[in-house]
Amino acid sequence: MTEAEPPLRQRFIAFWLAPSRGSAASLFRLAYGATATWMALNVLSNAQRDYGPEGLVPWSVVQDSPVAPFSLFSLAPQSTLLPWLLAAAFLLAAIGLLLGVRARLCALVIFVVDLSLHQRNPFIYNAGDNLFLLLAPLAALLPLDARWSIAALRRAREGLPARIVPIWFQRLIGLQIAYVYLNAYAAKIGQASWRNGTAVGEILSTNALSTVPAGSGIALIGPLLTWGTLIFELCFPVFVWSRSLRPYLLLAGVLFHAGIQLTIPIPSFGLVMIGSYACFLSDEEAEKLLAWLKLTRRR
């Protein structure tokens with residue numbers, strides 16, 4: 001027992017405090033920034049309809065919510081200009097994050113603006129949107145602009161050395177994603193339709209919940225998809241920390257969320273989850289993945 005303690009302690013310390021060049025965090029920034037830009041464009045195109053004083057939800061409907069004071073809309077609930085200003089701030093911060101210009105500040109701006117939007121009209125947001133919001137302040141703790149950014153180019157031009165930081169902020173996002181899967185598994189396993197294998201078939205055969213055409217026959221493999229979902233959501237957060245198993249679990253996760261994206265109208269959830277997978281990677285794995293993507297694009 002005594003001989004095994006030092007290696008275990010060292011692995012625990014390395015898990016939280018291993019030095020990082022920020023490559024995986026920068027890859028996360030690219031994915032999260034691209035998703036943020038897409039979401040900001042959607043907010044901008046529907047600013048008055050979703051958040052204006054004459055929009056779908058009047059301020060009087062949400063003003064008594066205990067979290068309403070946390071929305072910037074509480075400062076000027078009848079303003080027709082404020083929705084456009086917040087939408088523009090969201091878009092500028094998303095582009096800045098994507099390019100790596102004041103990336104941490106941009107992540108905080110995205111959090112403040114998106115929180116305000118959520119509280120102004122909470123009826124149009126889903127679990128994916130909530131996760132996107134939750135990741136914004138965590139992202140602000142990461143070395144987001146360490147690689148593949150305008151800030152990194154400027155540091156290289158000035159001859160400044162690369163910054164080495166502990167990996168523990170990146171681990172927080174990874175653990176958050178692991179919790180999402182475990183929480184989803186716990187919620188499903190208590191329902192009889194998931195245990196007997198009928199849940200996914202029922203979802204895919206319901207027009208209000210699925211984009212799958214009626215009579216496509218995909219519901220016939222409902223039990224396989226149902227139990228496969230349970231197995232994946234239980235196994236991913238446990239085994240993704242294994243370097244040898246990680247590539248297979250991440251690939252399975254990409255296919256899993258791509259399937260959800262194609263069959264169930266939850267627009268942002270799959271994008272946020274897949275983008276967050278960068279936080280499970282080491283710097284070397286992130287660099288190899290980006291190099292492979294660049295080579296594939298050239299081909």
# chains A, B, ... in the order shown; residues from 1 in each chain; ligands from 1
$ residues_around --residues "Pro53 in chain A" --least-positions-apart "4" --cutoff "8 Å" --atoms "only C-alpha atoms" --output "list in words"
Gln48, Val57, Pro58, Trp59, Pro77, Gln78, Ser79 and Thr80 of chain A
$ write_last_selection --atoms "N, CA and C atoms" --output "PDB file, in the first residue's frame"
ATOM      1  N   GLN A  48     -35.462  42.056 -31.867  1.00  0.00           N
ATOM      2  CA  GLN A  48     -36.696  42.701 -31.423  1.00  0.00           C
ATOM      3  C   GLN A  48     -37.814  41.689 -31.168  1.00  0.00           C
ATOM      4  N   VAL A  57     -42.480  38.025 -25.630  1.00  0.00           N
ATOM      5  CA  VAL A  57     -42.631  37.952 -24.174  1.00  0.00           C
ATOM      6  C   VAL A  57     -42.476  39.357 -23.588  1.00  0.00           C
ATOM      7  N   PRO A  58     -43.544  39.977 -23.146  1.00  0.00           N
ATOM      8  CA  PRO A  58     -43.435  41.296 -22.513  1.00  0.00           C
ATOM      9  C   PRO A  58     -42.602  41.234 -21.237  1.00  0.00           C
ATOM     10  N   TRP A  59     -41.983  42.345 -20.879  1.00  0.00           N
ATOM     11  CA  TRP A  59     -41.173  42.393 -19.669  1.00  0.00           C
ATOM     12  C   TRP A  59     -42.000  42.071 -18.428  1.00  0.00           C
ATOM     13  N   PRO A  77     -36.094  48.220 -19.472  1.00  0.00           N
ATOM     14  CA  PRO A  77     -36.940  47.151 -20.028  1.00  0.00           C
ATOM     15  C   PRO A  77     -37.756  47.577 -21.243  1.00  0.00           C
ATOM     16  N   GLN A  78     -38.024  48.872 -21.404  1.00  0.00           N
ATOM     17  CA  GLN A  78     -38.841  49.328 -22.521  1.00  0.00           C
ATOM     18  C   GLN A  78     -38.007  49.890 -23.669  1.00  0.00           C
ATOM     19  N   SER A  79     -36.703  49.738 -23.585  1.00  0.00           N
ATOM     20  CA  SER A  79     -35.833  50.274 -24.631  1.00  0.00           C
ATOM     21  C   SER A  79     -35.893  49.403 -25.885  1.00  0.00           C
ATOM     22  N   THR A  80     -36.060  50.030 -27.032  1.00  0.00           N
ATOM     23  CA  THR A  80     -36.016  49.304 -28.301  1.00  0.00           C
ATOM     24  C   THR A  80     -34.593  49.211 -28.833  1.00  0.00           C
TER      25      THR A  80
END
$ closest_atom_pairs --of "range 81-192 of chain A" --to "range 270-285 of chain A" --cutoff "12 Å" --atoms "only C-alpha atoms" --output "CSV"
residue,atom,partner,partner_atom,distance
A:Asn126,CA,A:Gly270,CA,11.7
A:Ala127,CA,A:Val272,CA,10.4
A:Gly128,CA,A:Val272,CA,6.8
A:Asp129,CA,A:Val272,CA,8.4
A:Asn130,CA,A:Val272,CA,10.1
A:Leu131,CA,A:Val272,CA,7.5
A:Phe132,CA,A:Val272,CA,6.3
A:Leu133,CA,A:Val272,CA,10.1
A:Leu134,CA,A:Val272,CA,10.8
A:Leu135,CA,A:Ser276,CA,8.9
A:Ala136,CA,A:Val272,CA,11.0
A:Leu138,CA,A:Ser276,CA,11.4
A:Ala139,CA,A:Ser276,CA,10.1
A:Leu142,CA,A:Cys279,CA,10.0
A:Pro143,CA,A:Cys279,CA,11.7
A:Leu144,CA,A:Cys279,CA,11.3
A:Ala146,CA,A:Asp283,CA,11.0
A:Arg147,CA,A:Asp283,CA,10.3
A:Ile164,CA,A:Asp283,CA,11.3
A:Val165,CA,A:Asp283,CA,11.8
A:Ile167,CA,A:Ser282,CA,9.3
A:Trp168,CA,A:Cys279,CA,10.4
A:Phe169,CA,A:Cys279,CA,9.4
A:Gln170,CA,A:Cys279,CA,5.6
A:Arg171,CA,A:Cys279,CA,7.0
A:Leu172,CA,A:Cys279,CA,8.9
A:Ile173,CA,A:Cys279,CA,6.6
A:Gly174,CA,A:Cys279,CA,5.7
A:Leu175,CA,A:Phe280,CA,9.1
A:Gln176,CA,A:Ser276,CA,9.7
A:Ile177,CA,A:Ser276,CA,7.5
A:Ala178,CA,A:Phe280,CA,10.0
A:Val180,CA,A:Met273,CA,9.5
A:Tyr181,CA,A:Met273,CA,10.2
$ write_last_selection --atoms "N, CA and C atoms" --output "JSON list (two decimals), in the first residue's frame"
[["chain", "number", "residue", "atom", "x", "y", "z"],
["A", 126, "ASN", "N", -32.79, 26.01, -24.43],
["A", 126, "ASN", "CA", -32.79, 24.59, -24.08],
["A", 126, "ASN", "C", -31.54, 24.25, -23.29],
["A", 127, "ALA", "N", -31.35, 22.96, -23.02],
["A", 127, "ALA", "CA", -30.22, 22.53, -22.20],
["A", 127, "ALA", "C", -28.88, 22.88, -22.83],
["A", 128, "GLY", "N", -28.82, 22.82, -24.16],
["A", 128, "GLY", "CA", -27.58, 23.18, -24.84],
["A", 128, "GLY", "C", -27.24, 24.64, -24.64],
["A", 129, "ASP", "N", -28.24, 25.51, -24.69],
["A", 129, "ASP", "CA", -28.01, 26.93, -24.45],
["A", 129, "ASP", "C", -27.56, 27.18, -23.01],
["A", 130, "ASN", "N", -28.14, 26.45, -22.08],
["A", 130, "ASN", "CA", -27.74, 26.61, -20.67],
["A", 130, "ASN", "C", -26.29, 26.17, -20.46],
["A", 131, "LEU", "N", -25.89, 25.08, -21.12],
["A", 131, "LEU", "CA", -24.51, 24.62, -21.01],
["A", 131, "LEU", "C", -23.56, 25.63, -21.63],
["A", 132, "PHE", "N", -23.94, 26.19, -22.77],
["A", 132, "PHE", "CA", -23.12, 27.22, -23.42],
["A", 132, "PHE", "C", -22.89, 28.38, -22.45],
["A", 133, "LEU", "N", -23.95, 28.81, -21.77],
["A", 133, "LEU", "CA", -23.84, 29.91, -20.82],
["A", 133, "LEU", "C", -22.92, 29.52, -19.66],
["A", 134, "LEU", "N", -23.06, 28.32, -19.15],
["A", 134, "LEU", "CA", -22.26, 27.87, -18.01],
["A", 134, "LEU", "C", -20.78, 27.80, -18.34],
["A", 135, "LEU", "N", -20.46, 27.44, -19.58],
["A", 135, "LEU", "CA", -19.06, 27.29, -19.96],
["A", 135, "LEU", "C", -18.35, 28.62, -20.17],
["A", 136, "ALA", "N", -19.10, 29.70, -20.39],
["A", 136, "ALA", "CA", -18.47, 30.99, -20.68],
["A", 136, "ALA", "C", -17.56, 31.48, -19.54],
["A", 138, "LEU", "N", -16.19, 29.70, -17.20],
["A", 138, "LEU", "CA", -15.09, 28.74, -17.06],
["A", 138, "LEU", "C", -14.06, 28.95, -18.17],
["A", 139, "ALA", "N", -14.54, 29.27, -19.37],
["A", 139, "ALA", "CA", -13.63, 29.53, -20.49],
["A", 139, "ALA", "C", -12.74, 30.73, -20.20],
["A", 142, "LEU", "N", -9.29, 29.98, -18.88],
["A", 142, "LEU", "CA", -8.34, 29.23, -19.69],
["A", 142, "LEU", "C", -7.37, 30.15, -20.43],
["A", 143, "PRO", "N", -6.20, 29.63, -20.80],
["A", 143, "PRO", "CA", -5.28, 30.40, -21.67],
["A", 143, "PRO", "C", -5.77, 30.33, -23.11],
["A", 144, "LEU", "N", -6.86, 31.01, -23.39],
["A", 144, "LEU", "CA", -7.57, 30.84, -24.66],
["A", 144, "LEU", "C", -6.76, 31.29, -25.87],
["A", 146, "ALA", "N", -3.45, 31.22, -26.30],
["A", 146, "ALA", "CA", -2.07, 30.73, -26.30],
["A", 146, "ALA", "C", -1.60, 30.32, -27.69],
["A", 147, "ARG", "N", -2.49, 29.76, -28.49],
["A", 147, "ARG", "CA", -2.12, 29.28, -29.83],
["A", 147, "ARG", "C", -3.17, 29.71, -30.84],
["A", 164, "ILE", "N", 3.46, 28.99, -19.97],
["A", 164, "ILE", "CA", 3.14, 27.66, -19.45],
["A", 164, "ILE", "C", 2.27, 27.85, -18.21],
["A", 165, "VAL", "N", 1.11, 27.21, -18.22],
["A", 165, "VAL", "CA", 0.16, 27.38, -17.12],
["A", 165, "VAL", "C", -0.30, 26.00, -16.64],
["A", 167, "ILE", "N", -2.89, 22.99, -15.81],
["A", 167, "ILE", "CA", -4.00, 22.52, -16.64],
["A", 167, "ILE", "C", -5.32, 22.51, -15.89],
["A", 168, "TRP", "N", -5.34, 22.92, -14.63],
["A", 168, "TRP", "CA", -6.50, 22.62, -13.80],
["A", 168, "TRP", "C", -7.77, 23.34, -14.23],
["A", 169, "PHE", "N", -7.68, 24.53, -14.84],
["A", 169, "PHE", "CA", -8.89, 25.18, -15.33],
["A", 169, "PHE", "C", -9.52, 24.38, -16.48],
["A", 170, "GLN", "N", -8.67, 23.79, -17.29],
["A", 170, "GLN", "CA", -9.16, 22.93, -18.37],
["A", 170, "GLN", "C", -9.87, 21.70, -17.80],
["A", 171, "ARG", "N", -9.34, 21.19, -16.71],
["A", 171, "ARG", "CA", -9.96, 20.02, -16.07],
["A", 171, "ARG", "C", -11.37, 20.35, -15.56],
["A", 172, "LEU", "N", -11.59, 21.59, -15.13],
["A", 172, "LEU", "CA", -12.90, 21.96, -14.62],
["A", 172, "LEU", "C", -13.97, 21.81, -15.70],
["A", 173, "ILE", "N", -13.63, 22.21, -16.92],
["A", 173, "ILE", "CA", -14.59, 22.06, -18.01],
["A", 173, "ILE", "C", -14.79, 20.58, -18.33],
["A", 174, "GLY", "N", -13.71, 19.81, -18.35],
["A", 174, "GLY", "CA", -13.85, 18.39, -18.60],
["A", 174, "GLY", "C", -14.73, 17.72, -17.57],
["A", 175, "LEU", "N", -14.55, 18.07, -16.31],
["A", 175, "LEU", "CA", -15.39, 17.49, -15.25],
["A", 175, "LEU", "C", -16.84, 17.95, -15.37],
["A", 176, "GLN", "N", -17.04, 19.18, -15.83],
["A", 176, "GLN", "CA", -18.40, 19.66, -16.03],
["A", 176, "GLN", "C", -19.11, 18.84, -17.11],
["A", 177, "ILE", "N", -18.41, 18.55, -18.19],
["A", 177, "ILE", "CA", -18.99, 17.74, -19.27],
["A", 177, "ILE", "C", -19.25, 16.32, -18.78],
["A", 178, "ALA", "N", -18.33, 15.78, -18.00],
["A", 178, "ALA", "CA", -18.54, 14.44, -17.44],
["A", 178, "ALA", "C", -19.79, 14.42, -16.56],
["A", 180, "VAL", "N", -22.41, 16.33, -16.92],
["A", 180, "VAL", "CA", -23.58, 16.41, -17.80],
["A", 180, "VAL", "C", -24.01, 15.01, -18.22],
["A", 181, "TYR", "N", -23.05, 14.18, -18.61],
["A", 181, "TYR", "CA", -23.38, 12.82, -19.03],
["A", 181, "TYR", "C", -23.90, 11.98, -17.87]]
$ closest_residue --among "A:Leu44, A:Leu230, A:Val112, A:Leu85" --to "Trp194 in chain A" --atoms "only C-alpha atoms"
A:Leu230
$ residues_around --residues "Gly222 in chain A" --least-positions-apart "5" --cutoff "10 Å" --atoms "only C-alpha atoms" --output "compact mmCIF listing (two decimals) with C-alpha atoms, in the first residue's frame"
# COMPACT_ATOMS: atom_id res chain seq x y z
CA GLY A 197 -35.60 0.11 -24.63
CA THR A 198 -38.56 2.04 -26.05
CA ALA A 199 -37.58 5.65 -25.23
CA VAL A 200 -35.62 6.60 -28.36
CA GLY A 201 -38.12 4.87 -30.65
CA GLU A 202 -40.93 6.88 -29.07
CA ILE A 203 -39.00 10.13 -29.47
CA LEU A 204 -38.11 9.50 -33.10
CA SER A 205 -41.67 8.57 -33.98
CA GLY A 217 -38.20 2.70 -40.10
CA TRP A 227 -29.54 1.13 -24.54
CA GLY A 228 -26.58 2.44 -26.52
$ residues_around --residues "range 148-160 of chain A" --least-positions-apart "6" --cutoff "8 Å" --atoms "only C-alpha atoms" --output "list in words"
Ser26, Leu99, Gly100, Val101 and Arg102 of chain A
$ write_last_selection --atoms "C-alpha atoms" --output "compact mmCIF listing (two decimals), in the first residue's frame"
# COMPACT_ATOMS: atom_id res chain seq x y z
CA SER A 26 -6.97 27.24 -27.79
CA LEU A 99 -9.85 35.33 -33.43
CA GLY A 100 -8.16 35.39 -30.05
CA VAL A 101 -8.34 39.12 -29.35
CA ARG A 102 -8.78 39.77 -25.63
$ residues_around --residues "Leu30 in chain A" --least-positions-apart "3" --cutoff "8 Å" --atoms "only C-alpha atoms" --output "list in words"
Ser26, Leu27, Gly33, Ala34, Leu97, Leu98 and Leu99 of chain A
$ write_last_selection --atoms "N, CA and C atoms" --output "mmCIF file, in the first residue's frame"
data_model
loop_
_atom_site.group_PDB
_atom_site.id
_atom_site.type_symbol
_atom_site.label_atom_id
_atom_site.label_comp_id
_atom_site.auth_asym_id
_atom_site.auth_seq_id
_atom_site.Cartn_x
_atom_site.Cartn_y
_atom_site.Cartn_z
ATOM 1 N N SER A 26 -6.804 26.424 -26.584
ATOM 2 C CA SER A 26 -6.973 27.242 -27.792
ATOM 3 C C SER A 26 -7.869 26.550 -28.806
ATOM 4 N N LEU A 27 -7.770 25.225 -28.888
ATOM 5 C CA LEU A 27 -8.674 24.484 -29.770
ATOM 6 C C LEU A 27 -10.110 24.613 -29.267
ATOM 7 N N GLY A 33 -15.805 29.614 -29.874
ATOM 8 C CA GLY A 33 -15.969 30.894 -30.550
ATOM 9 C C GLY A 33 -16.796 30.778 -31.813
ATOM 10 N N ALA A 34 -16.618 29.694 -32.562
ATOM 11 C CA ALA A 34 -17.421 29.485 -33.767
ATOM 12 C C ALA A 34 -18.886 29.283 -33.406
ATOM 13 N N LEU A 97 -13.439 36.406 -29.595
ATOM 14 C CA LEU A 97 -13.044 35.128 -29.004
ATOM 15 C C LEU A 97 -12.524 34.184 -30.076
ATOM 16 N N LEU A 98 -13.212 34.114 -31.184
ATOM 17 C CA LEU A 98 -12.796 33.218 -32.261
ATOM 18 C C LEU A 98 -11.408 33.575 -32.778
ATOM 19 N N LEU A 99 -11.140 34.873 -32.906
ATOM 20 C CA LEU A 99 -9.855 35.328 -33.431
ATOM 21 C C LEU A 99 -8.764 35.375 -32.365
#
$ atom_distance --atom1 "CA of Ala140 in chain A" --atom2 "CA of Ile266 in chain A"
25.3 Å
$ residues_around --residues "Phe70 in chain A" --least-positions-apart "4" --cutoff "8 Å" --atoms "only C-alpha atoms" --output "list in words"
Ser74, Leu115, Ser116 and Gln119 of chain A
$ write_last_selection --atoms "C-alpha atoms" --output "PDB file, in the first residue's frame"
ATOM      1  CA  SER A  74     -33.834  45.389 -16.008  1.00  0.00           C
ATOM      2  CA  LEU A 115     -27.220  35.675 -19.082  1.00  0.00           C
ATOM      3  CA  SER A 116     -29.228  38.827 -19.760  1.00  0.00           C
ATOM      4  CA  GLN A 119     -33.472  35.998 -18.167  1.00  0.00           C
TER       5      GLN A 119
END
$ select_by_dssp --residues "range 134-210 of chain A" --states "alpha helix (DSSP H)" --output "ChimeraX atom specification"
/A:134-139,150-157,168-189,192-195,199-204
$ decode --residues "range 100-192 of chain A" --atoms "C-alpha atoms" --output "PDB file, in the first residue's frame"
ATOM      1  CA  GLY A 100      -8.159  35.387 -30.047  1.00  0.00           C
ATOM      2  CA  VAL A 101      -8.345  39.123 -29.351  1.00  0.00           C
ATOM      3  CA  ARG A 102      -8.784  39.766 -25.626  1.00  0.00           C
ATOM      4  CA  ALA A 103     -10.239  36.274 -25.516  1.00  0.00           C
ATOM      5  CA  ARG A 104     -10.840  36.078 -21.774  1.00  0.00           C
ATOM      6  CA  LEU A 105     -12.602  39.437 -21.733  1.00  0.00           C
ATOM      7  CA  CYS A 106     -14.697  38.334 -24.701  1.00  0.00           C
ATOM      8  CA  ALA A 107     -15.733  35.179 -22.826  1.00  0.00           C
ATOM      9  CA  LEU A 108     -16.882  37.284 -19.867  1.00  0.00           C
ATOM     10  CA  VAL A 109     -18.820  39.639 -22.158  1.00  0.00           C
ATOM     11  CA  ILE A 110     -20.521  36.632 -23.742  1.00  0.00           C
ATOM     12  CA  PHE A 111     -21.476  35.374 -20.268  1.00  0.00           C
ATOM     13  CA  VAL A 112     -22.967  38.707 -19.151  1.00  0.00           C
ATOM     14  CA  VAL A 113     -24.864  39.294 -22.394  1.00  0.00           C
ATOM     15  CA  ASP A 114     -26.097  35.721 -22.727  1.00  0.00           C
ATOM     16  CA  LEU A 115     -27.220  35.675 -19.082  1.00  0.00           C
ATOM     17  CA  SER A 116     -29.228  38.827 -19.760  1.00  0.00           C
ATOM     18  CA  LEU A 117     -30.830  37.262 -22.818  1.00  0.00           C
ATOM     19  CA  HIS A 118     -31.704  34.090 -20.909  1.00  0.00           C
ATOM     20  CA  GLN A 119     -33.472  35.998 -18.167  1.00  0.00           C
ATOM     21  CA  ARG A 120     -35.278  38.271 -20.623  1.00  0.00           C
ATOM     22  CA  ASN A 121     -36.847  35.387 -22.547  1.00  0.00           C
ATOM     23  CA  PRO A 122     -36.209  32.042 -20.812  1.00  0.00           C
ATOM     24  CA  PHE A 123     -38.807  30.213 -22.899  1.00  0.00           C
ATOM     25  CA  ILE A 124     -36.683  29.872 -26.050  1.00  0.00           C
ATOM     26  CA  TYR A 125     -33.616  28.273 -24.465  1.00  0.00           C
ATOM     27  CA  ASN A 126     -32.787  24.592 -24.084  1.00  0.00           C
ATOM     28  CA  ALA A 127     -30.223  22.526 -22.197  1.00  0.00           C
ATOM     29  CA  GLY A 128     -27.581  23.182 -24.839  1.00  0.00           C
ATOM     30  CA  ASP A 129     -28.012  26.935 -24.450  1.00  0.00           C
ATOM     31  CA  ASN A 130     -27.741  26.607 -20.672  1.00  0.00           C
ATOM     32  CA  LEU A 131     -24.509  24.618 -21.009  1.00  0.00           C
ATOM     33  CA  PHE A 132     -23.121  27.220 -23.416  1.00  0.00           C
ATOM     34  CA  LEU A 133     -23.838  29.908 -20.815  1.00  0.00           C
ATOM     35  CA  LEU A 134     -22.264  27.873 -18.011  1.00  0.00           C
ATOM     36  CA  LEU A 135     -19.057  27.287 -19.963  1.00  0.00           C
ATOM     37  CA  ALA A 136     -18.472  30.990 -20.677  1.00  0.00           C
ATOM     38  CA  PRO A 137     -17.101  31.974 -17.229  1.00  0.00           C
ATOM     39  CA  LEU A 138     -15.093  28.741 -17.065  1.00  0.00           C
ATOM     40  CA  ALA A 139     -13.625  29.532 -20.485  1.00  0.00           C
ATOM     41  CA  ALA A 140     -12.490  32.911 -19.162  1.00  0.00           C
ATOM     42  CA  LEU A 141     -10.109  31.037 -16.833  1.00  0.00           C
ATOM     43  CA  LEU A 142      -8.336  29.226 -19.694  1.00  0.00           C
ATOM     44  CA  PRO A 143      -5.282  30.396 -21.669  1.00  0.00           C
ATOM     45  CA  LEU A 144      -7.568  30.844 -24.657  1.00  0.00           C
ATOM     46  CA  ASP A 145      -5.201  32.839 -26.850  1.00  0.00           C
ATOM     47  CA  ALA A 146      -2.069  30.732 -26.297  1.00  0.00           C
ATOM     48  CA  ARG A 147      -2.119  29.279 -29.831  1.00  0.00           C
ATOM     49  CA  TRP A 148      -3.691  30.023 -33.223  1.00  0.00           C
ATOM     50  CA  SER A 149      -4.741  33.540 -32.295  1.00  0.00           C
ATOM     51  CA  ILE A 150      -3.938  37.141 -33.115  1.00  0.00           C
ATOM     52  CA  ALA A 151      -2.554  37.565 -29.602  1.00  0.00           C
ATOM     53  CA  ALA A 152      -0.229  34.575 -30.119  1.00  0.00           C
ATOM     54  CA  LEU A 153       0.986  36.027 -33.422  1.00  0.00           C
ATOM     55  CA  ARG A 154       1.745  39.329 -31.718  1.00  0.00           C
ATOM     56  CA  ARG A 155       3.699  37.612 -28.937  1.00  0.00           C
ATOM     57  CA  ALA A 156       5.665  35.602 -31.471  1.00  0.00           C
ATOM     58  CA  ARG A 157       6.470  38.758 -33.453  1.00  0.00           C
ATOM     59  CA  GLU A 158       7.720  40.446 -30.285  1.00  0.00           C
ATOM     60  CA  GLY A 159       9.820  37.405 -29.405  1.00  0.00           C
ATOM     61  CA  LEU A 160       7.987  36.695 -26.166  1.00  0.00           C
ATOM     62  CA  PRO A 161       8.227  33.118 -24.814  1.00  0.00           C
ATOM     63  CA  ALA A 162       5.198  30.847 -24.782  1.00  0.00           C
ATOM     64  CA  ARG A 163       3.340  30.868 -21.503  1.00  0.00           C
ATOM     65  CA  ILE A 164       3.142  27.665 -19.448  1.00  0.00           C
ATOM     66  CA  VAL A 165       0.157  27.375 -17.116  1.00  0.00           C
ATOM     67  CA  PRO A 166      -1.338  24.607 -14.947  1.00  0.00           C
ATOM     68  CA  ILE A 167      -4.001  22.524 -16.643  1.00  0.00           C
ATOM     69  CA  TRP A 168      -6.505  22.620 -13.802  1.00  0.00           C
ATOM     70  CA  PHE A 169      -8.893  25.181 -15.329  1.00  0.00           C
ATOM     71  CA  GLN A 170      -9.162  22.931 -18.369  1.00  0.00           C
ATOM     72  CA  ARG A 171      -9.961  20.018 -16.071  1.00  0.00           C
ATOM     73  CA  LEU A 172     -12.902  21.962 -14.620  1.00  0.00           C
ATOM     74  CA  ILE A 173     -14.588  22.058 -18.015  1.00  0.00           C
ATOM     75  CA  GLY A 174     -13.847  18.387 -18.601  1.00  0.00           C
ATOM     76  CA  LEU A 175     -15.386  17.491 -15.254  1.00  0.00           C
ATOM     77  CA  GLN A 176     -18.401  19.661 -16.031  1.00  0.00           C
ATOM     78  CA  ILE A 177     -18.991  17.744 -19.268  1.00  0.00           C
ATOM     79  CA  ALA A 178     -18.536  14.439 -17.437  1.00  0.00           C
ATOM     80  CA  TYR A 179     -21.178  15.578 -14.947  1.00  0.00           C
ATOM     81  CA  VAL A 180     -23.581  16.407 -17.798  1.00  0.00           C
ATOM     82  CA  TYR A 181     -23.376  12.819 -19.029  1.00  0.00           C
ATOM     83  CA  LEU A 182     -23.704  11.279 -15.571  1.00  0.00           C
ATOM     84  CA  ASN A 183     -26.653  13.528 -14.759  1.00  0.00           C
ATOM     85  CA  ALA A 184     -28.328  12.601 -18.044  1.00  0.00           C
ATOM     86  CA  TYR A 185     -27.793   8.899 -17.314  1.00  0.00           C
ATOM     87  CA  ALA A 186     -29.210   9.243 -13.792  1.00  0.00           C
ATOM     88  CA  ALA A 187     -32.300  11.011 -15.125  1.00  0.00           C
ATOM     89  CA  LYS A 188     -32.904   8.378 -17.804  1.00  0.00           C
ATOM     90  CA  ILE A 189     -32.257   5.183 -15.879  1.00  0.00           C
ATOM     91  CA  GLY A 190     -35.131   5.941 -13.510  1.00  0.00           C
ATOM     92  CA  GLN A 191     -37.650   5.901 -16.374  1.00  0.00           C
ATOM     93  CA  ALA A 192     -39.218   2.619 -17.483  1.00  0.00           C
TER      94      ALA A 192
END
